Amino acid sequence: MLVIRRRVGESIMIGAEIELQITDISANRVKIGIVAPRTVLILRKEIQLAAEQNLAASQSVTIETMDELLSQFGPRG
Amino acid sequence: MPLLETRQFGTLEYAHESVLEFPCGMPAFEDHTRFLLVEKDSIAPFLFLQSLNDGLVSFLVLPVKQIDPEFQSVLEPEELELLGVGSEPEPLITLAVVTLMPGGVPTANLVAPILIHMGNRIGLQSIQPASTYSHQTPLRREEGRC
């Protein structure tokens with residue numbers, strides 16, 4: 001991983017078209033401004049992880065996996 | 001009462017008052033803004049969060065307290081505002097989305113719990129900041145039963 005030190009107001013270029021600017025820094029957060037072509041998808045990584053996990057979860061529930069789950073976990077009694 | 005064709009429950013009849021609004025949907029399901037929480041003795045303690053936008057879309061969920069009694073979600077000010085949380089003790093429930101694995105251990109996503117304000121009937125999926133929890137927390141037998 002490439003690690004670069006930057007101050008508020010300074011930028012990093014990724015290729016010719018993508019610019020990341022550090023706009024603010026607080027104790028445990030940085031605010032980043034992004035200039036990029038519309039075609040570039042920008043996502044907070046944790047949102048992408050949540051999206052992938054939601055898709056996997058919603059597709060994982062079938063008659064077979066539910067039978068298996070309920071034989072192990074419930075219902076009570 | 002309105003009816004919905006669902007994958008899990010066939011035709012489901014529901015009351016307007018039981019509809020939950022998810023103004024932002026959920027990641028990967030941003031267009032799904034109306035849900036029902038379906039509770040059945042046959043699947044307790046699990047529940048289903050059924051999309052009203054598409055009967056084929058539902059999530060198996062489990063109250064997080066059943067997985068980790070100590071679990072505390074951290075909510076951003078915008079999330080509190082969306083849920084309509086004030087200073088009073090609020091009827092908030094917190095659920096984890098469960099993923100099943102054929103022949104494997106089911107897991108719960110504790111990084112992205114679902115919070116529902118049962119008073120306002122508003123819900124959201126909250127991504128926890130720098131979470132110490134796993135998005136694939138294994139469910140253990142006893143935990144599903146308590």
# chains A, B, ... in the order shown; residues from 1 in each chain; ligands from 1
>>> select_by_dssp(residues="range 3-141 of chain B", states="strand (DSSP E)", output="ChimeraX atom specification")
/B:3-6,10-13,20-21,34-38,47-51,58-63,92-99,107-117,122-125,137-138
>>> write_last_selection(atoms="N, CA and C atoms", output="short mmCIF file (atom, residue, chain, number, x, y, z; two decimals), in the first residue's frame")
data_model
loop_
_atom_site.label_atom_id
_atom_site.label_comp_id
_atom_site.auth_asym_id
_atom_site.auth_seq_id
_atom_site.Cartn_x
_atom_site.Cartn_y
_atom_site.Cartn_z
N LEU B 3 -52.78 -7.55 0.13
CA LEU B 3 -52.16 -8.87 0.04
C LEU B 3 -50.84 -8.74 -0.70
N LEU B 4 -49.90 -9.61 -0.38
CA LEU B 4 -48.61 -9.61 -1.08
C LEU B 4 -48.22 -11.06 -1.35
N GLU B 5 -47.81 -11.33 -2.59
CA GLU B 5 -47.28 -12.66 -2.90
C GLU B 5 -45.83 -12.70 -2.47
N THR B 6 -45.48 -13.62 -1.56
CA THR B 6 -44.10 -13.69 -1.09
C THR B 6 -43.51 -15.05 -1.39
N GLY B 10 -45.94 -17.50 0.80
CA GLY B 10 -47.08 -17.51 -0.10
C GLY B 10 -47.78 -16.17 -0.04
N THR B 11 -49.11 -16.18 -0.04
CA THR B 11 -49.85 -14.93 0.01
C THR B 11 -49.91 -14.43 1.46
N LEU B 12 -49.45 -13.21 1.64
CA LEU B 12 -49.38 -12.64 2.98
C LEU B 12 -50.36 -11.47 3.06
N GLU B 13 -51.22 -11.51 4.07
CA GLU B 13 -52.17 -10.43 4.27
C GLU B 13 -51.62 -9.54 5.38
N LEU B 20 -43.52 -0.97 7.82
CA LEU B 20 -42.35 -0.23 8.31
C LEU B 20 -41.76 0.53 7.14
N GLU B 21 -41.46 1.79 7.35
CA GLU B 21 -40.84 2.61 6.30
C GLU B 21 -39.33 2.62 6.49
N ARG B 34 -40.34 -0.17 1.92
CA ARG B 34 -41.44 -0.58 2.78
C ARG B 34 -41.27 -2.06 3.11
N PHE B 35 -41.32 -2.36 4.40
CA PHE B 35 -41.11 -3.73 4.86
C PHE B 35 -42.17 -4.13 5.87
N LEU B 36 -42.29 -5.45 6.04
CA LEU B 36 -43.08 -6.00 7.14
C LEU B 36 -42.14 -6.85 7.98
N LEU B 37 -42.34 -6.84 9.29
CA LEU B 37 -41.61 -7.75 10.15
C LEU B 37 -42.54 -8.92 10.42
N VAL B 38 -42.15 -10.09 9.90
CA VAL B 38 -43.04 -11.26 10.00
C VAL B 38 -42.53 -12.17 11.12
N LEU B 47 -36.93 -14.00 12.74
CA LEU B 47 -38.04 -13.28 12.12
C LEU B 47 -37.67 -13.04 10.67
N PHE B 48 -38.67 -12.66 9.89
CA PHE B 48 -38.40 -12.27 8.52
C PHE B 48 -38.71 -10.80 8.34
N LEU B 49 -37.80 -10.10 7.68
CA LEU B 49 -38.06 -8.74 7.25
C LEU B 49 -38.39 -8.85 5.77
N GLN B 50 -39.68 -8.70 5.47
CA GLN B 50 -40.19 -8.94 4.12
C GLN B 50 -40.36 -7.62 3.38
N SER B 51 -39.74 -7.50 2.21
CA SER B 51 -39.93 -6.28 1.41
C SER B 51 -41.35 -6.26 0.85
N SER B 58 -36.64 -10.92 0.89
CA SER B 58 -36.82 -10.90 2.34
C SER B 58 -35.49 -11.23 3.00
N PHE B 59 -35.40 -10.87 4.26
CA PHE B 59 -34.18 -11.12 5.03
C PHE B 59 -34.55 -11.88 6.29
N LEU B 60 -33.78 -12.91 6.58
CA LEU B 60 -33.92 -13.61 7.85
C LEU B 60 -33.16 -12.78 8.89
N VAL B 61 -33.81 -12.45 9.99
CA VAL B 61 -33.17 -11.59 10.99
C VAL B 61 -33.33 -12.19 12.38
N LEU B 62 -32.46 -11.74 13.27
CA LEU B 62 -32.45 -12.22 14.66
C LEU B 62 -32.16 -11.01 15.55
N PRO B 63 -32.94 -10.84 16.65
CA PRO B 63 -32.63 -9.74 17.56
C PRO B 63 -31.17 -9.85 18.03
N LEU B 92 -36.97 1.12 20.43
CA LEU B 92 -36.10 0.74 19.31
C LEU B 92 -35.81 -0.75 19.39
N ILE B 93 -35.92 -1.43 18.26
CA ILE B 93 -35.43 -2.81 18.24
C ILE B 93 -34.26 -2.90 17.27
N THR B 94 -33.33 -3.78 17.61
CA THR B 94 -32.12 -3.93 16.81
C THR B 94 -32.04 -5.38 16.33
N LEU B 95 -31.91 -5.54 15.03
CA LEU B 95 -31.91 -6.87 14.42
C LEU B 95 -30.64 -7.06 13.60
N ALA B 96 -30.18 -8.30 13.53
CA ALA B 96 -29.04 -8.61 12.67
C ALA B 96 -29.51 -9.47 11.51
N VAL B 97 -28.99 -9.17 10.32
CA VAL B 97 -29.32 -9.96 9.13
C VAL B 97 -28.53 -11.26 9.18
N VAL B 98 -29.23 -12.37 8.97
CA VAL B 98 -28.61 -13.70 9.05
C VAL B 98 -28.38 -14.24 7.64
N THR B 99 -27.19 -14.82 7.44
CA THR B 99 -26.87 -15.50 6.19
C THR B 99 -26.73 -16.99 6.46
N THR B 107 -24.45 -17.26 9.90
CA THR B 107 -23.76 -16.10 10.45
C THR B 107 -24.70 -14.90 10.50
N ALA B 108 -24.37 -13.97 11.40
CA ALA B 108 -25.16 -12.74 11.53
C ALA B 108 -24.25 -11.55 11.28
N ASN B 109 -24.79 -10.53 10.62
CA ASN B 109 -24.02 -9.33 10.31
C ASN B 109 -24.19 -8.31 11.45
N LEU B 110 -23.18 -8.24 12.32
CA LEU B 110 -23.25 -7.29 13.45
C LEU B 110 -22.62 -5.95 13.09
N VAL B 111 -22.03 -5.85 11.90
CA VAL B 111 -21.47 -4.57 11.46
C VAL B 111 -22.58 -3.66 10.95
N ALA B 112 -23.64 -4.28 10.45
CA ALA B 112 -24.72 -3.50 9.84
C ALA B 112 -26.08 -3.89 10.42
N PRO B 113 -26.30 -3.57 11.72
CA PRO B 113 -27.58 -3.92 12.32
C PRO B 113 -28.73 -3.09 11.74
N ILE B 114 -29.91 -3.66 11.81
CA ILE B 114 -31.12 -2.96 11.38
C ILE B 114 -31.80 -2.42 12.63
N LEU B 115 -32.07 -1.12 12.63
CA LEU B 115 -32.77 -0.51 13.77
C LEU B 115 -34.16 -0.11 13.33
N ILE B 116 -35.13 -0.45 14.16
CA ILE B 116 -36.51 -0.09 13.85
C ILE B 116 -37.12 0.61 15.05
N HIS B 117 -37.68 1.78 14.82
CA HIS B 117 -38.40 2.52 15.86
C HIS B 117 -39.86 2.06 15.77
N ILE B 122 -40.34 3.39 11.66
CA ILE B 122 -39.28 3.77 10.71
C ILE B 122 -38.06 2.90 10.99
N GLY B 123 -37.44 2.45 9.92
CA GLY B 123 -36.27 1.60 10.09
C GLY B 123 -35.12 2.02 9.20
N LEU B 124 -33.93 1.55 9.56
CA LEU B 124 -32.75 1.78 8.74
C LEU B 124 -31.72 0.72 9.05
N GLN B 125 -30.78 0.55 8.11
CA GLN B 125 -29.64 -0.32 8.37
C GLN B 125 -28.46 0.58 8.65
N THR B 137 -20.66 -13.02 11.96
CA THR B 137 -20.55 -13.57 13.32
C THR B 137 -21.27 -14.91 13.37
N PRO B 138 -20.55 -16.00 13.69
CA PRO B 138 -21.21 -17.31 13.68
C PRO B 138 -22.29 -17.38 14.77
#
>>> interface_residues(of="chain B", to="chain A", cutoff="9 Å", atoms="only C-alpha atoms", output="PyMOL selection string")
chain B and resi 8+26-29+41-46+57-60+97-103+105-106+109+111-112+127-129+135-136+140-146
>>> write_last_selection(atoms="C-alpha atoms", output="short mmCIF file (atom, residue, chain, number, x, y, z; two decimals), in the first residue's frame")
data_model
loop_
_atom_site.label_atom_id
_atom_site.label_comp_id
_atom_site.auth_asym_id
_atom_site.auth_seq_id
_atom_site.Cartn_x
_atom_site.Cartn_y
_atom_site.Cartn_z
CA GLN B 8 -41.32 -17.40 2.00
CA MET B 26 -30.83 -0.98 2.59
CA PRO B 27 -27.43 -1.19 0.83
CA ALA B 28 -27.97 -3.09 -2.45
CA PHE B 29 -31.72 -2.72 -1.87
CA ASP B 41 -43.85 -19.45 16.01
CA SER B 42 -42.47 -22.00 13.56
CA ILE B 43 -39.26 -19.96 13.02
CA ALA B 44 -38.83 -18.33 16.47
CA PRO B 45 -36.57 -16.75 17.61
CA PHE B 46 -35.86 -15.75 14.00
CA VAL B 57 -37.00 -10.12 -1.36
CA SER B 58 -36.82 -10.90 2.34
CA PHE B 59 -34.18 -11.12 5.03
CA LEU B 60 -33.92 -13.61 7.85
CA VAL B 97 -29.32 -9.96 9.13
CA VAL B 98 -28.61 -13.70 9.05
CA THR B 99 -26.87 -15.50 6.19
CA LEU B 100 -27.33 -19.26 5.85
CA MET B 101 -24.80 -21.67 4.40
CA PRO B 102 -25.82 -25.11 3.17
CA GLY B 103 -24.04 -27.51 5.52
CA VAL B 105 -22.71 -22.40 10.32
CA PRO B 106 -25.23 -19.55 9.94
CA ASN B 109 -24.02 -9.33 10.31
CA VAL B 111 -21.47 -4.57 11.46
CA ALA B 112 -24.72 -3.50 9.84
CA ILE B 127 -23.22 0.71 9.26
CA GLN B 128 -21.27 0.76 12.50
CA PRO B 129 -18.11 2.90 12.58
CA HIS B 135 -20.21 -9.05 9.40
CA GLN B 136 -20.11 -12.84 9.61
CA ARG B 140 -24.05 -20.77 18.17
CA ARG B 141 -26.69 -23.23 19.14
CA GLU B 142 -27.46 -21.87 22.63
CA GLU B 143 -27.63 -18.29 21.38
CA GLY B 144 -30.39 -19.03 18.94
CA ARG B 145 -32.40 -20.55 21.74
CA CYS B 146 -32.33 -18.03 24.58
#
>>> residues_around(residues="Ser11 in chain A", least_positions_apart="6", cutoff="8 Å", atoms="only C-alpha atoms", output="PyMOL selection string")
chain A and resi 19-22
>>> write_last_selection(atoms="N, CA and C atoms", output="PDB file, in the first residue's frame")
ATOM      1  N   GLU A  19      -9.102  13.319  -8.478  1.00  0.00           N
ATOM      2  CA  GLU A  19      -8.392  14.107  -7.481  1.00  0.00           C
ATOM      3  C   GLU A  19      -9.051  13.903  -6.118  1.00  0.00           C
ATOM      4  N   LEU A  20      -8.223  13.622  -5.131  1.00  0.00           N
ATOM      5  CA  LEU A  20      -8.709  13.521  -3.751  1.00  0.00           C
ATOM      6  C   LEU A  20      -8.118  14.689  -2.979  1.00  0.00           C
ATOM      7  N   GLN A  21      -8.966  15.503  -2.404  1.00  0.00           N
ATOM      8  CA  GLN A  21      -8.466  16.636  -1.633  1.00  0.00           C
ATOM      9  C   GLN A  21      -8.843  16.471  -0.165  1.00  0.00           C
ATOM     10  N   ILE A  22      -7.852  16.675   0.692  1.00  0.00           N
ATOM     11  CA  ILE A  22      -8.127  16.642   2.135  1.00  0.00           C
ATOM     12  C   ILE A  22      -8.739  17.997   2.491  1.00  0.00           C
TER      13      ILE A  22
END
>>> atom_distance(atom1="CA of Ile25 in chain A", atom2="CA of Val40 in chain A")
25.0 Å
>>> atom_distance(atom1="CA of Ser134 in chain B", atom2="CA of Asn28 in chain A")
21.4 Å
>>> atom_distance(atom1="CA of Met13 in chain A", atom2="CA of Ile32 in chain A")
12.8 Å
>>> closest_residue(among="A:Ile12, A:Ser71, A:Glu17, A:Arg5", to="Gly33 in chain A", atoms="only C-alpha atoms")
A:Ile12
>>> select_by_dssp(residues="chain B", states="helix (DSSP H, G or I)", output="list in words")
His16, Glu17, Ser18, Asp41, Ser42, Ile43, Val64, Lys65, Gln66, Pro77, Glu78, Glu79, Leu80, Glu81, Leu82, Leu83, Arg141, Glu142, Glu143, Gly144 and Arg145 of chain B
>>> residues_around(residues="Asp24 in chain A", least_positions_apart="3", cutoff="6 Å", atoms="only C-alpha atoms", output="VMD selection string")
chain A and resid 8 30 to 31
>>> decode(residues="chain B", atoms="C-alpha atoms", output="CSV table (one decimal), in the first residue's frame")
chain,number,residue,atom,x,y,z
B,1,MET,CA,-56.4,-5.7,3.9
B,2,PRO,CA,-53.7,-5.6,1.2
B,3,LEU,CA,-52.2,-8.9,0.0
B,4,LEU,CA,-48.6,-9.6,-1.1
B,5,GLU,CA,-47.3,-12.7,-2.9
B,6,THR,CA,-44.1,-13.7,-1.1
B,7,ARG,CA,-41.5,-16.3,-1.6
B,8,GLN,CA,-41.3,-17.4,2.0
B,9,PHE,CA,-45.0,-17.3,3.0
B,10,GLY,CA,-47.1,-17.5,-0.1
B,11,THR,CA,-49.8,-14.9,0.0
B,12,LEU,CA,-49.4,-12.6,3.0
B,13,GLU,CA,-52.2,-10.4,4.3
B,14,TYR,CA,-51.1,-7.4,6.2
B,15,ALA,CA,-52.5,-4.2,7.8
B,16,HIS,CA,-51.4,-0.8,6.7
B,17,GLU,CA,-50.5,0.0,10.3
B,18,SER,CA,-47.9,-2.8,10.3
B,19,VAL,CA,-45.9,-1.4,7.4
B,20,LEU,CA,-42.4,-0.2,8.3
B,21,GLU,CA,-40.8,2.6,6.3
B,22,PHE,CA,-37.1,2.4,5.4
B,23,PRO,CA,-36.6,5.9,3.8
B,24,CYS,CA,-33.1,4.9,2.5
B,25,GLY,CA,-33.8,1.3,1.8
B,26,MET,CA,-30.8,-1.0,2.6
B,27,PRO,CA,-27.4,-1.2,0.8
B,28,ALA,CA,-28.0,-3.1,-2.5
B,29,PHE,CA,-31.7,-2.7,-1.9
B,30,GLU,CA,-32.1,1.1,-2.0
B,31,ASP,CA,-35.4,0.9,-3.8
B,32,HIS,CA,-37.0,-1.2,-1.1
B,33,THR,CA,-38.5,1.3,1.3
B,34,ARG,CA,-41.4,-0.6,2.8
B,35,PHE,CA,-41.1,-3.7,4.9
B,36,LEU,CA,-43.1,-6.0,7.1
B,37,LEU,CA,-41.6,-7.8,10.2
B,38,VAL,CA,-43.0,-11.3,10.0
B,39,GLU,CA,-43.1,-13.2,13.2
B,40,LYS,CA,-44.0,-16.9,13.2
B,41,ASP,CA,-43.9,-19.5,16.0
B,42,SER,CA,-42.5,-22.0,13.6
B,43,ILE,CA,-39.3,-20.0,13.0
B,44,ALA,CA,-38.8,-18.3,16.5
B,45,PRO,CA,-36.6,-16.8,17.6
B,46,PHE,CA,-35.9,-15.7,14.0
B,47,LEU,CA,-38.0,-13.3,12.1
B,48,PHE,CA,-38.4,-12.3,8.5
B,49,LEU,CA,-38.1,-8.7,7.2
B,50,GLN,CA,-40.2,-8.9,4.1
B,51,SER,CA,-39.9,-6.3,1.4
B,52,LEU,CA,-43.3,-4.9,0.3
B,53,ASN,CA,-41.7,-3.6,-2.9
B,54,ASP,CA,-40.9,-7.1,-4.1
B,55,GLY,CA,-42.4,-10.3,-2.6
B,56,LEU,CA,-39.2,-12.2,-3.6
B,57,VAL,CA,-37.0,-10.1,-1.4
B,58,SER,CA,-36.8,-10.9,2.3
B,59,PHE,CA,-34.2,-11.1,5.0
B,60,LEU,CA,-33.9,-13.6,7.8
B,61,VAL,CA,-33.2,-11.6,11.0
B,62,LEU,CA,-32.5,-12.2,14.7
B,63,PRO,CA,-32.6,-9.7,17.6
B,64,VAL,CA,-29.0,-8.8,18.3
B,65,LYS,CA,-29.5,-9.3,22.0
B,66,GLN,CA,-29.8,-13.0,21.3
B,67,ILE,CA,-26.4,-13.0,19.7
B,68,ASP,CA,-24.6,-10.7,22.0
B,69,PRO,CA,-26.5,-9.3,25.1
B,70,GLU,CA,-23.8,-6.6,25.4
B,71,PHE,CA,-24.3,-5.3,21.8
B,72,GLN,CA,-24.7,-1.5,21.6
B,73,SER,CA,-25.2,0.2,18.3
B,74,VAL,CA,-23.6,3.6,17.7
B,75,LEU,CA,-25.8,5.9,15.7
B,76,GLU,CA,-24.9,9.0,13.8
B,77,PRO,CA,-27.0,12.2,14.4
B,78,GLU,CA,-28.5,11.9,11.0
B,79,GLU,CA,-29.6,8.3,11.8
B,80,LEU,CA,-31.2,9.4,15.1
B,81,GLU,CA,-33.0,12.1,13.3
B,82,LEU,CA,-34.3,9.7,10.5
B,83,LEU,CA,-35.6,7.3,13.2
B,84,GLY,CA,-37.2,10.2,15.1
B,85,VAL,CA,-35.3,9.4,18.3
B,86,GLY,CA,-35.7,12.1,21.0
B,87,SER,CA,-34.7,12.2,24.6
B,88,GLU,CA,-37.3,9.8,25.9
B,89,PRO,CA,-36.6,6.1,26.1
B,90,GLU,CA,-37.5,4.9,22.7
B,91,PRO,CA,-39.1,1.6,21.5
B,92,LEU,CA,-36.1,0.7,19.3
B,93,ILE,CA,-35.4,-2.8,18.2
B,94,THR,CA,-32.1,-3.9,16.8
B,95,LEU,CA,-31.9,-6.9,14.4
B,96,ALA,CA,-29.0,-8.6,12.7
B,97,VAL,CA,-29.3,-10.0,9.1
B,98,VAL,CA,-28.6,-13.7,9.0
B,99,THR,CA,-26.9,-15.5,6.2
B,100,LEU,CA,-27.3,-19.3,5.9
B,101,MET,CA,-24.8,-21.7,4.4
B,102,PRO,CA,-25.8,-25.1,3.2
B,103,GLY,CA,-24.0,-27.5,5.5
B,104,GLY,CA,-22.3,-24.6,7.3
B,105,VAL,CA,-22.7,-22.4,10.3
B,106,PRO,CA,-25.2,-19.6,9.9
B,107,THR,CA,-23.8,-16.1,10.4
B,108,ALA,CA,-25.2,-12.7,11.5
B,109,ASN,CA,-24.0,-9.3,10.3
B,110,LEU,CA,-23.3,-7.3,13.4
B,111,VAL,CA,-21.5,-4.6,11.5
B,112,ALA,CA,-24.7,-3.5,9.8
B,113,PRO,CA,-27.6,-3.9,12.3
B,114,ILE,CA,-31.1,-3.0,11.4
B,115,LEU,CA,-32.8,-0.5,13.8
B,116,ILE,CA,-36.5,-0.1,13.8
B,117,HIS,CA,-38.4,2.5,15.9
B,118,MET,CA,-41.6,0.6,16.6
B,119,GLY,CA,-43.4,3.8,17.6
B,120,ASN,CA,-42.7,5.7,14.4
B,121,ARG,CA,-42.5,2.5,12.3
B,122,ILE,CA,-39.3,3.8,10.7
B,123,GLY,CA,-36.3,1.6,10.1
B,124,LEU,CA,-32.7,1.8,8.7
B,125,GLN,CA,-29.6,-0.3,8.4
B,126,SER,CA,-26.8,1.3,10.3
B,127,ILE,CA,-23.2,0.7,9.3
B,128,GLN,CA,-21.3,0.8,12.5
B,129,PRO,CA,-18.1,2.9,12.6
B,130,ALA,CA,-14.8,1.0,12.7
B,131,SER,CA,-16.8,-1.9,14.1
B,132,THR,CA,-15.2,-4.4,16.5
B,133,TYR,CA,-17.9,-6.8,15.4
B,134,SER,CA,-17.9,-9.1,12.4
B,135,HIS,CA,-20.2,-9.0,9.4
B,136,GLN,CA,-20.1,-12.8,9.6
B,137,THR,CA,-20.6,-13.6,13.3
B,138,PRO,CA,-21.2,-17.3,13.7
B,139,LEU,CA,-24.4,-18.2,15.5
B,140,ARG,CA,-24.0,-20.8,18.2
B,141,ARG,CA,-26.7,-23.2,19.1
B,142,GLU,CA,-27.5,-21.9,22.6
B,143,GLU,CA,-27.6,-18.3,21.4
B,144,GLY,CA,-30.4,-19.0,18.9
B,145,ARG,CA,-32.4,-20.5,21.7
B,146,CYS,CA,-32.3,-18.0,24.6
